[in-house]
>>> print(open('upload_32.txt').read())   # compact mmCIF, C-alpha atoms
# COMPACT_ATOMS: atom_id res chain seq x y z
CA MET L 1 -2.49 -10.08 -24.08
CA PRO L 2 -0.34 -10.99 -21.03
CA ASN L 3 -2.31 -10.77 -17.80
CA VAL L 4 -1.00 -9.23 -14.60
CA GLU L 5 -2.15 -10.73 -11.32
CA ILE L 6 -4.12 -8.42 -9.03
CA GLN L 7 -4.15 -8.73 -5.27
CA LYS L 8 -7.73 -7.90 -4.30
CA VAL L 9 -8.12 -6.34 -0.87
CA LYS L 10 -11.38 -5.85 0.97
CA ASP L 11 -12.07 -3.32 3.69
CA GLY L 12 -10.21 -4.13 6.89
CA GLN L 13 -7.53 -6.36 5.31
CA ARG L 14 -5.06 -3.61 4.51
CA ALA L 15 -3.00 -3.57 7.69
CA VAL L 16 -2.00 -7.24 7.51
CA LEU L 17 -0.44 -7.12 4.05
CA PRO L 18 3.39 -6.90 3.85
CA PHE L 19 3.06 -4.56 0.88
CA PHE L 20 1.55 -1.83 3.05
CA GLN L 21 4.40 -2.15 5.55
CA GLU L 22 6.85 -1.55 2.68
CA PHE L 23 4.72 1.36 1.50
CA GLU L 24 4.88 2.91 4.99
CA LYS L 25 8.67 2.57 4.94
CA ARG L 26 8.81 4.35 1.58
CA PHE L 27 6.46 7.05 2.87
CA ASN L 28 8.93 7.72 5.70
CA GLU L 29 11.75 7.95 3.12
CA ILE L 30 9.74 10.57 1.23
CA GLN L 31 9.12 12.51 4.42
CA ASN L 32 12.84 12.48 5.31
CA ARG L 33 13.89 13.48 1.78
CA ALA L 34 11.34 16.32 1.65
CA PHE L 35 12.75 17.64 4.94
CA GLU L 36 16.29 17.44 3.50
CA LEU L 37 15.14 19.47 0.50
CA PHE L 38 13.58 22.01 2.88
CA GLU L 39 16.81 22.31 4.85
CA ASN L 40 18.98 22.48 1.72
CA GLY L 41 16.70 25.23 0.38
CA GLY L 42 17.53 27.47 3.34
CA ARG L 43 14.49 26.44 5.41
CA ARG L 44 12.26 28.73 3.36
CA PHE L 45 8.57 28.22 3.84
CA GLY L 46 6.15 28.00 0.91
CA SER L 47 7.87 25.19 -1.03
CA ASP L 48 6.57 22.30 1.02
CA MET L 49 4.42 20.84 -1.77
CA ASP L 50 7.23 21.16 -4.33
CA ASN L 51 9.67 19.51 -1.91
CA TRP L 52 7.22 16.69 -1.21
CA LEU L 53 6.50 15.99 -4.88
CA LYS L 54 10.19 16.04 -5.78
CA ALA L 55 10.97 13.64 -2.92
CA GLU L 56 8.11 11.37 -4.00
CA ARG L 57 9.41 11.21 -7.58
CA GLU L 58 12.93 10.43 -6.32
CA VAL L 59 11.79 7.64 -3.98
CA PHE L 60 8.97 6.06 -6.00
CA GLY L 61 9.62 7.05 -9.57
CA SER L 62 6.68 8.38 -11.48
CA PRO L 63 5.60 6.61 -14.65
CA ALA L 64 3.16 8.43 -16.93
CA ALA L 65 -0.42 7.41 -16.25
CA GLU L 66 -4.00 8.18 -17.25
CA LEU L 67 -7.23 7.39 -15.40
CA ALA L 68 -10.46 7.34 -17.42
CA ASP L 69 -14.09 7.00 -16.29
CA LYS L 70 -15.76 4.38 -18.50
CA GLY L 71 -19.20 4.67 -16.91
CA ASP L 72 -19.43 1.52 -14.80
CA ALA L 73 -15.64 1.15 -14.38
CA TYR L 74 -12.37 3.06 -14.24
CA GLU L 75 -9.56 2.30 -16.65
CA LEU L 76 -5.99 3.11 -15.67
CA GLN L 77 -3.21 3.09 -18.25
CA MET L 78 0.38 3.39 -17.04
CA ALA L 79 3.66 3.37 -18.97
CA LEU L 80 5.88 0.53 -17.74
CA PRO L 81 8.42 0.04 -20.52
CA GLY L 82 10.91 -2.75 -19.99
CA PHE L 83 8.86 -4.63 -17.38
CA ASP L 84 7.51 -8.16 -17.77
CA PRO L 85 4.08 -9.06 -16.37
CA LYS L 86 5.68 -11.22 -13.65
CA GLU L 87 7.59 -8.13 -12.40
CA VAL L 88 4.41 -6.11 -11.83
CA GLU L 89 2.19 -6.30 -8.75
CA VAL L 90 -1.18 -4.60 -8.77
CA THR L 91 -3.16 -4.20 -5.56
CA ALA L 92 -6.79 -3.11 -5.71
CA THR L 93 -8.51 -1.86 -2.59
CA PRO L 94 -11.96 -0.28 -2.42
CA ASP L 95 -10.24 3.13 -2.26
CA GLU L 96 -7.23 2.90 -4.56
CA LEU L 97 -5.09 1.07 -7.09
CA ILE L 98 -1.43 0.50 -6.24
CA VAL L 99 1.19 -0.53 -8.77
CA HIS L 100 4.57 -1.90 -7.71
CA ALA L 101 6.99 -2.86 -10.46
CA THR L 102 10.47 -4.19 -9.82
CA SER L 103 13.09 -5.27 -12.29
CA SER L 104 16.61 -6.48 -11.69
CA GLN L 105 18.12 -5.95 -15.11
CA GLU L 106 21.44 -4.73 -13.82
CA LYS L 107 23.96 -5.08 -16.54
CA LYS L 108 27.67 -4.75 -16.01
CA SER L 109 29.46 -4.62 -19.26
CA GLU L 110 32.87 -6.16 -19.65
CA LYS L 111 33.23 -4.43 -22.99
CA LYS L 112 36.09 -1.94 -23.10
CA ASP L 113 34.17 0.50 -25.29
CA VAL L 114 31.28 0.99 -22.80
CA LEU L 115 31.90 4.22 -20.89
CA TRP L 116 28.78 4.12 -18.74
CA SER L 117 25.45 2.33 -18.62
CA GLU L 118 22.03 3.11 -17.19
CA PHE L 119 20.88 -0.50 -17.29
CA THR L 120 20.04 -0.95 -13.65
CA SER L 121 17.37 -2.43 -11.46
CA SER L 122 14.14 -0.48 -11.23
CA ASP L 123 11.72 -0.32 -8.35
CA LEU L 124 8.68 1.90 -8.62
CA TYR L 125 5.44 2.41 -6.78
CA ARG L 126 2.44 4.41 -7.87
CA ARG L 127 -0.74 4.89 -5.87
CA ILE L 128 -3.87 6.04 -7.69
CA PRO L 129 -6.77 7.08 -5.42
CA ALA L 130 -10.17 6.01 -6.72
CA PRO L 131 -12.71 8.82 -7.24
CA THR L 132 -15.47 6.48 -6.00
CA PRO L 133 -15.33 3.05 -4.29
CA LEU L 134 -14.14 0.11 -6.40
CA ASN L 135 -15.41 -3.44 -6.75
CA THR L 136 -12.04 -5.16 -6.25
CA GLU L 137 -13.34 -8.61 -7.22
CA GLY L 138 -13.92 -7.52 -10.83
CA ALA L 139 -10.56 -5.79 -11.34
CA THR L 140 -8.33 -7.02 -14.18
CA ALA L 141 -4.90 -6.00 -15.48
CA THR L 142 -2.80 -6.64 -18.58
CA LEU L 143 0.64 -5.49 -19.68
CA GLU L 144 1.26 -5.22 -23.38
CA LYS L 145 3.93 -3.27 -25.29
CA GLY L 146 5.02 -1.46 -22.13
CA VAL L 147 1.54 -0.23 -21.17
CA LEU L 148 -0.21 -1.55 -18.07
CA ARG L 149 -4.01 -1.46 -18.36
CA ILE L 150 -6.12 -1.92 -15.25
CA THR L 151 -9.89 -2.04 -15.38
CA ALA L 152 -11.64 -1.71 -12.02
CA PRO L 153 -15.44 -1.74 -11.85
CA LYS L 154 -17.12 0.81 -9.66
CA ALA L 155 -18.75 -0.61 -6.53
CA ALA L 156 -22.51 -0.76 -6.59
CA GLU L 157 -23.90 2.20 -4.75
CA ALA L 158 -25.32 1.30 -1.38
CA LYS L 159 -29.04 1.93 -1.46
CA PRO L 160 -30.55 3.46 1.65
CA LYS L 161 -32.57 0.99 3.66
CA ALA L 162 -36.29 1.56 3.73
CA VAL L 163 -37.59 2.59 7.10
CA ALA L 164 -41.10 1.56 8.08
CA ILE L 165 -43.04 4.34 9.74
CA LYS L 166 -46.17 3.51 11.65
CA ALA L 167 -49.07 5.92 11.42
CA ALA L 168 -50.22 7.19 14.78
>>> encode(input="upload_32.txt", output="structure tokens")
Amino acid sequence: MPNVEIQKVKDGQRAVLPFFQEFEKRFNEIQNRAFELFENGGRRFGSDMDNWLKAEREVFGSPAAELADKGDAYELQMALPGFDPKEVEVTATPDELIVHATSSQEKKSEKKDVLWSEFTSSDLYRRIPAPTPLNTEGATATLEKGVLRITAPKAAEAKPKAVAIKAA
């Protein structure tokens, strides 16, 4: 089973990673596109969530995914047909899993019988918030037959510290 490398991020390291700067840029694109949809819709209120979700799908793409609770870990499955493991980046933080897949399979046909083609480069992002904190060190990912599988162990629950109380 082909493995996918996972970038494992601990608390406090997020801001220094170039990936998050790119993510912020994309977030701004979503915001601008959602506002365009609002304006094009006659500036009617009440469709803000629909506009946002449509803009997000347009900017990031939205592959089918499923998150399952396996007791001591979460398992994420995501459809990534046509991608090779080397084209997939997975980032695990204590709060979320982020998938970035990019492919440059642009194909320009010189054949006279080809009227149009949808073979093009793909660039998608998907952010999956974790229901509870993750142990990023134990996260693993594989890509097989177009399905990305990420297993991320749950972080050990912090036990409250015992407080000594002196009797008066």
>>> atom_distance(input="upload_32.txt", atom1="CA of Lys8 in chain L", atom2="CA of Gln77 in chain L")
18.3 Å
>>> closest_residue(input="upload_32.txt", among="L:Ser117, L:Ser103, L:Gln7, L:Thr93", to="Pro133 in chain L", atoms="all atoms listed in the file")
L:Thr93
>>> residues_around(input="upload_32.txt", residues="Thr140 in chain L", least_positions_apart="5", cutoff="8 Å", atoms="only C-alpha atoms", output="list in words")
Asn3, Val4, Glu5, Ile6, Ile150, Thr151 and Ala152 of chain L
>>> atom_distance(input="upload_32.txt", atom1="CA of Leu53 in chain L", atom2="CA of Leu124 in chain L")
14.7 Å
>>> atom_distance(input="upload_32.txt", atom1="CA of Lys54 in chain L", atom2="CA of Leu37 in chain L")
8.7 Å
>>> residues_around(input="upload_32.txt", residues="His100 in chain L", least_positions_apart="6", cutoff="8 Å", atoms="all atoms listed in the file", output="compact mmCIF listing (two decimals) with C-alpha atoms, in the frame of the given file")
# COMPACT_ATOMS: atom_id res chain seq x y z
CA VAL L 88 4.41 -6.11 -11.83
CA GLU L 89 2.19 -6.30 -8.75
CA VAL L 90 -1.18 -4.60 -8.77
CA ASP L 123 11.72 -0.32 -8.35
CA LEU L 124 8.68 1.90 -8.62
CA TYR L 125 5.44 2.41 -6.78
CA ARG L 126 2.44 4.41 -7.87
>>> residues_around(input="upload_32.txt", residues="Ala79 in chain L", least_positions_apart="4", cutoff="12 Å", atoms="only C-alpha atoms", output="PyMOL selection string")
chain L and resi 61-66+83+88+99+101+124+126+142-150
>>> residues_around(input="upload_32.txt", residues="Ile128 in chain L", least_positions_apart="4", cutoff="10 Å", atoms="only C-alpha atoms", output="PyMOL selection string")
chain L and resi 65-67+76+92+95-99
>>> closest_residue(input="upload_32.txt", among="L:Gln31, L:Thr102, L:Ser122, L:Gln21", to="Asp48 in chain L", atoms="only C-alpha atoms")
L:Gln31
